[in-house]
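The next block holds one structure in the form of structure tokens; read it before the comments.
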Amino acid sequence: MKKIYKQLFKIVLPISFQFVMMSLVSASDAFMLGFLDQDSLSAVSLAGQVIFVNSLFFEAFNYGCSVLAAQYWGKGDKKTVEEVLAITMRYTLLVGLIFTLATFFIPQQIMHIFTDDNELIIRGARYLRMASLSYIICGFAQIYFGILKVCDRAGLSSLIGSVSVILNIALNALLIFGFGPFPRMGIEGAALATVIARIFEAIFVIVLVVLKKSIPLNVSKMLMLDRLTVKKVEHETEKETEKETEKETGKETEKESKAEKLKNSKALHKDYWKYTVPLLFNQLGWGGGVTMYSVIMGRLGSDAIAANSIASIVRSIVASFCWGISSGVSIILGQMLGRNELEDAKKAGGSFVRFSILIGAISGLILLAITPALLAFVNLEGAAHFYLKIMMFYASYYIIGNSLNSTIIGGIFPAGGDTKFGMWCDIITLWCVVVPMGMIGAFVLKLPVLVVAFILTLDEFVKIPAVYRHYMKYIWVKNITRDLDKDE
């Protein structure tokens with residue numbers, strides 16, 4: 001077990017650090033644009049919802065990739081991992097291209113979805129158009145970050161992401177305010193800084209592939225050119241007239257070999273969507289639920305909005321280690337299951353569950369410990385100051401449930417291909433229980449702000465009984481790989 005935890009921390013620490021650094025980019029955008037004017041800050045905040053929705057697709061594709069790639073990597077089948085990467089990249093780049101084209105050509109129409117304030121629409125549209133190229137480039141880099149983690153190179157993924165974050169923050173300052181030779185671009189400077197940082201990530205990834213430090217991208221499989229080749233061979237074989245038996249046999253053998261590979265490729269493609277679709281619905285359902293939390297709190301006054309915003313940012317930073325554990329657990333258990341170490345995986349899963357509770361409790365204590373310093377640092381007055389104090393207390397116990405559930409639902413279950421339960425669990429909890437309760441409490445019963453905020457922290461605890469009961473069925477203890485490399 002010590003060896004497993006050593007491997008876990010080798011994966012978790014870089015991933016967690018990367019999560020923290022990514023949180024700092026959002027914080028720096030808000031901090032720097034706040035110095036310009038409130039409209040710039042509000043416009044980028046609203047435009048950021050497009051980035052959030054885009055990220056939900058990318059994360060779902062990445063999770064689906066990890067489900068299969070981790071098991072095949074543990075099995076030692078690198079060729080299939082390469083094909084899983086190609087499949088994932090195909091749909092990621094397609095979605096990235098759609099977002100890039102939409103934000104470039106119709107940014108104002110997109111901003112109309114979030115606000116009817118003409119000034120915010122104009123400013124947000126300028127940001128979206130300038131940042132449009134970042135979507136497709138980001139998709140390329142994010143999928144490679146995921147595959148690097150699966151292939152035991154989480155440190156490289158963290159290095160690239162962290163350097164990119166530092167570059168992004170530095171460019172934010174230079175381009176927003178126009179220091180030195182850099183032009184003062186304001187809101188568009190923040191967008192351009194994001195694009196440059198994404199280009200840096202992509203170049204760094206390409207260098208790693210060229211140096212053979214990562215799995216290469218099979219462009220032929222990504223574009224499905226291999227299927228066209230098979231069809232061409234089939235067509236040529238059908239047109240062949242009777243020739244020497246030896247040549248005909250050679251043609252048939254080539255045709256059968258390519259047809260078998262195509263069959264395997266289709267089976268892998270089917271597997272990918274089998275595990276990714278529930279993850280995609282889960283991401284979209286969860287993202288919509290989180291958005292509804294903001295809508296509910298946003299109707300309770302500026303004091304509630306300010307306090308909830310700060311509490312959420314701080315909680316997310318502290319929770320980075322919990323989310324890192326979830327990713328690490330999924331990779332390690334997936335590799336074990338791919339090697340058919342089913343009993344060992346079951347024991348390791350139980351140990352990870354207990355460990356997640358411990359980490360959640362420690363994280364909660366950290367939140368309580370930093371609360372006095374946070375209250376002294378932030379510039380909030382009156383009700384907002386009091387709200388923040390209580391919301392930090394809510395965050396301190398909420399993070400325990402979050403740590404447990406993210407490890408089990410986001411780590412253990414997907415490791416064995418069990419992705420449907422998490423989808424139903426999260427969607428039902430959010431949309432059938434917590435969101436309706438929050439809306440009734442806020443808009444019908446007119447409950448106090450802190451009571452509504454308390455209701456919105458119940459989602460992690462409402463689902464724990466169902467999650468643990470499903471965990472104990474051990475449906476997730478499964479090797480989902482196929483023998484696909486026999487013709488390689």
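All residue names refer to the structure tokens as shown: chains lettered A, B, ... in order, residues numbered from 1 in each chain, ligands numbered from 1 in order.
For A:Ile106, the residues within 12 Å (counting only C-alpha atoms, excluding itself and residues fewer than 4 positions away along the chain) are Ile98, Phe99, Thr100, Leu101, Ala102, Ile110, Met111, His112, Ile113, Ile121, Ile122, Gly124, Ala125, Arg126, Leu128, Arg129 and Ser132 of chain A.
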**Message:** Just want the 12 Å neighbourhood of A:Ala345, counted on only C-alpha atoms, with same-chain residues fewer than 2 positions away dropped. Output as a ChimeraX atom specification.
**Reply:** /A:1,4,329-343,347-352,412-413,415-416,474,476-479
**Residues within 12 Å of A:Trp431, only C-alpha atoms, excluding chain neighbours under 6 positions, as number ranges by chain** = A: 282, 284-293, 423-425, 437-439, 456, 459
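Using only C-alpha atoms, the contacts of stretch 46-61 of chain A at a cut-off of 6 Å, with sequence neighbours closer than 4 positions omitted, comprise Gly124, Leu279, Leu280 and Gln283 of chain A.
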With N, CA, C and O atoms kept, could you save the residues just selected as a tab-separated table (two decimals), in the first residue's frame?
chain	number	residue	atom	x	y	z
A	124	GLY	N	-18.17	42.73	-23.62
A	124	GLY	CA	-18.02	41.28	-23.59
A	124	GLY	C	-17.75	40.71	-24.97
A	124	GLY	O	-16.97	39.77	-25.13
A	279	LEU	N	-20.54	11.01	-18.71
A	279	LEU	CA	-19.68	12.04	-18.13
A	279	LEU	C	-20.02	13.41	-18.69
A	279	LEU	O	-20.00	14.42	-17.96
A	280	LEU	N	-20.36	13.46	-19.98
A	280	LEU	CA	-20.72	14.73	-20.60
A	280	LEU	C	-22.03	15.27	-20.01
A	280	LEU	O	-22.13	16.45	-19.67
A	283	GLN	N	-21.32	16.50	-16.54
A	283	GLN	CA	-20.66	17.81	-16.54
A	283	GLN	C	-21.64	18.93	-16.84
A	283	GLN	O	-21.65	19.96	-16.16
**Request:** Have a look at A:Leu358, A:Ala383, A:Met392, A:Met185 and name the one nearest to A:Ile310; count only C-alpha atoms.
**Result:** A:Met392
**Prompt:** When DSSP works through the backbone of this structure, what residues of stretch 54-241 of chain A end up as helix (DSSP H, G or I), shown as an MDAnalysis selection string?
**Reply:** chainID A and resid 54:75 78:105 107:112 118:131 133:150 154:177 187:210 219:222 225:239
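Residues in contact with A:Glu460 at 9 Å, where only C-alpha atoms are counted and same-chain residues fewer than 3 positions away are skipped, are listed as Tyr398, Ile399, Ile400, Gly401, Asn402, Leu404, Asn405, Thr429, Thr457, Lys463 and Ile464 of chain A.
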May I have the residues within 9 Å of A:Glu83 as a PDB file with N, CA, C and O atoms, in the first residue's frame, using only C-alpha atoms and disregarding those fewer than 3 positions away in the same chain?
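In the end it all went to selection_1.pdb:
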ATOM      1  N   LYS A  78       0.131   0.361 -25.533  1.00  0.00           N
ATOM      2  CA  LYS A  78       0.346   1.772 -25.877  1.00  0.00           C
ATOM      3  C   LYS A  78      -0.300   2.150 -27.202  1.00  0.00           C
ATOM      4  O   LYS A  78      -0.693   3.300 -27.404  1.00  0.00           O
ATOM      5  N   LYS A  79      -0.392   1.189 -28.126  1.00  0.00           N
ATOM      6  CA  LYS A  79      -1.005   1.480 -29.426  1.00  0.00           C
ATOM      7  C   LYS A  79      -2.474   1.893 -29.263  1.00  0.00           C
ATOM      8  O   LYS A  79      -2.964   2.804 -29.933  1.00  0.00           O
ATOM      9  N   THR A  80      -3.169   1.202 -28.354  1.00  0.00           N
ATOM     10  CA  THR A  80      -4.576   1.535 -28.134  1.00  0.00           C
ATOM     11  C   THR A  80      -4.713   2.866 -27.405  1.00  0.00           C
ATOM     12  O   THR A  80      -5.647   3.630 -27.671  1.00  0.00           O
ATOM     13  N   ALA A  86      -6.382   9.802 -30.204  1.00  0.00           N
ATOM     14  CA  ALA A  86      -6.840  10.297 -31.509  1.00  0.00           C
ATOM     15  C   ALA A  86      -8.352  10.507 -31.527  1.00  0.00           C
ATOM     16  O   ALA A  86      -8.849  11.516 -32.042  1.00  0.00           O
ATOM     17  N   ILE A  87      -9.091   9.561 -30.949  1.00  0.00           N
ATOM     18  CA  ILE A  87     -10.554   9.677 -30.883  1.00  0.00           C
ATOM     19  C   ILE A  87     -10.952  10.903 -30.063  1.00  0.00           C
ATOM     20  O   ILE A  87     -11.803  11.702 -30.464  1.00  0.00           O
ATOM     21  N   THR A  88     -10.316  11.055 -28.900  1.00  0.00           N
ATOM     22  CA  THR A  88     -10.632  12.179 -28.012  1.00  0.00           C
ATOM     23  C   THR A  88     -10.318  13.511 -28.673  1.00  0.00           C
ATOM     24  O   THR A  88     -11.112  14.458 -28.618  1.00  0.00           O
ATOM     25  N   LEU A 217       0.275  11.925 -31.591  1.00  0.00           N
ATOM     26  CA  LEU A 217      -1.091  12.015 -32.091  1.00  0.00           C
ATOM     27  C   LEU A 217      -1.142  11.408 -33.489  1.00  0.00           C
ATOM     28  O   LEU A 217      -0.477  11.890 -34.411  1.00  0.00           O
ATOM     29  N   ASN A 218      -1.914  10.359 -33.628  1.00  0.00           N
ATOM     30  CA  ASN A 218      -2.094   9.707 -34.927  1.00  0.00           C
ATOM     31  C   ASN A 218      -3.132  10.495 -35.725  1.00  0.00           C
ATOM     32  O   ASN A 218      -4.341  10.307 -35.555  1.00  0.00           O
ATOM     33  N   LYS A 221      -5.762   8.515 -37.814  1.00  0.00           N
ATOM     34  CA  LYS A 221      -6.898   7.974 -37.055  1.00  0.00           C
ATOM     35  C   LYS A 221      -7.813   9.094 -36.568  1.00  0.00           C
ATOM     36  O   LYS A 221      -9.034   8.926 -36.499  1.00  0.00           O
ATOM     37  N   MET A 222      -7.227  10.229 -36.215  1.00  0.00           N
ATOM     38  CA  MET A 222      -8.043  11.351 -35.745  1.00  0.00           C
ATOM     39  C   MET A 222      -8.998  11.825 -36.843  1.00  0.00           C
ATOM     40  O   MET A 222     -10.164  12.118 -36.591  1.00  0.00           O
ATOM     41  N   SER A 265     -11.179  -0.704 -34.320  1.00  0.00           N
ATOM     42  CA  SER A 265     -11.259   0.745 -34.152  1.00  0.00           C
ATOM     43  C   SER A 265     -12.688   1.176 -33.854  1.00  0.00           C
ATOM     44  O   SER A 265     -12.928   2.030 -32.995  1.00  0.00           O
ATOM     45  N   LEU A 268     -13.561   0.282 -30.273  1.00  0.00           N
ATOM     46  CA  LEU A 268     -12.953   1.213 -29.326  1.00  0.00           C
ATOM     47  C   LEU A 268     -13.710   2.542 -29.321  1.00  0.00           C
ATOM     48  O   LEU A 268     -13.937   3.141 -28.266  1.00  0.00           O
TER      49      LEU A 268
END
**Item:** Residues near stretch 367-370 of chain A, cut-off 10 Å, only C-alpha atoms, skip fewer than 6 positions along chain, as a ChimeraX atom specification
**Value:** /A:311,314-315,318-319,361,389,392-397,399
Go ahead and write the selection's residues with C-alpha atoms as a tab-separated table (two decimals), in the first residue's frame.
chain	number	residue	atom	x	y	z
A	311	ALA	CA	-16.00	32.09	-0.16
A	314	VAL	CA	-11.13	30.36	-1.39
A	315	ARG	CA	-12.92	27.01	-1.09
A	318	VAL	CA	-8.22	24.75	-0.83
A	319	ALA	CA	-10.21	21.97	-2.56
A	361	ALA	CA	-11.41	17.09	7.35
A	389	LYS	CA	-17.70	34.57	8.11
A	392	MET	CA	-16.55	30.08	5.40
A	393	PHE	CA	-17.90	27.90	8.21
A	394	TYR	CA	-20.28	26.28	5.72
A	395	ALA	CA	-17.33	25.72	3.36
A	396	SER	CA	-15.35	24.00	6.13
A	397	TYR	CA	-17.80	21.09	6.41
A	399	ILE	CA	-15.43	20.33	1.65
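Using only C-alpha atoms, the smallest distance between any of A:Ser157, A:Leu148, A:Gln108, A:Phe179 and A:Ser16 comes from A:Ser157.
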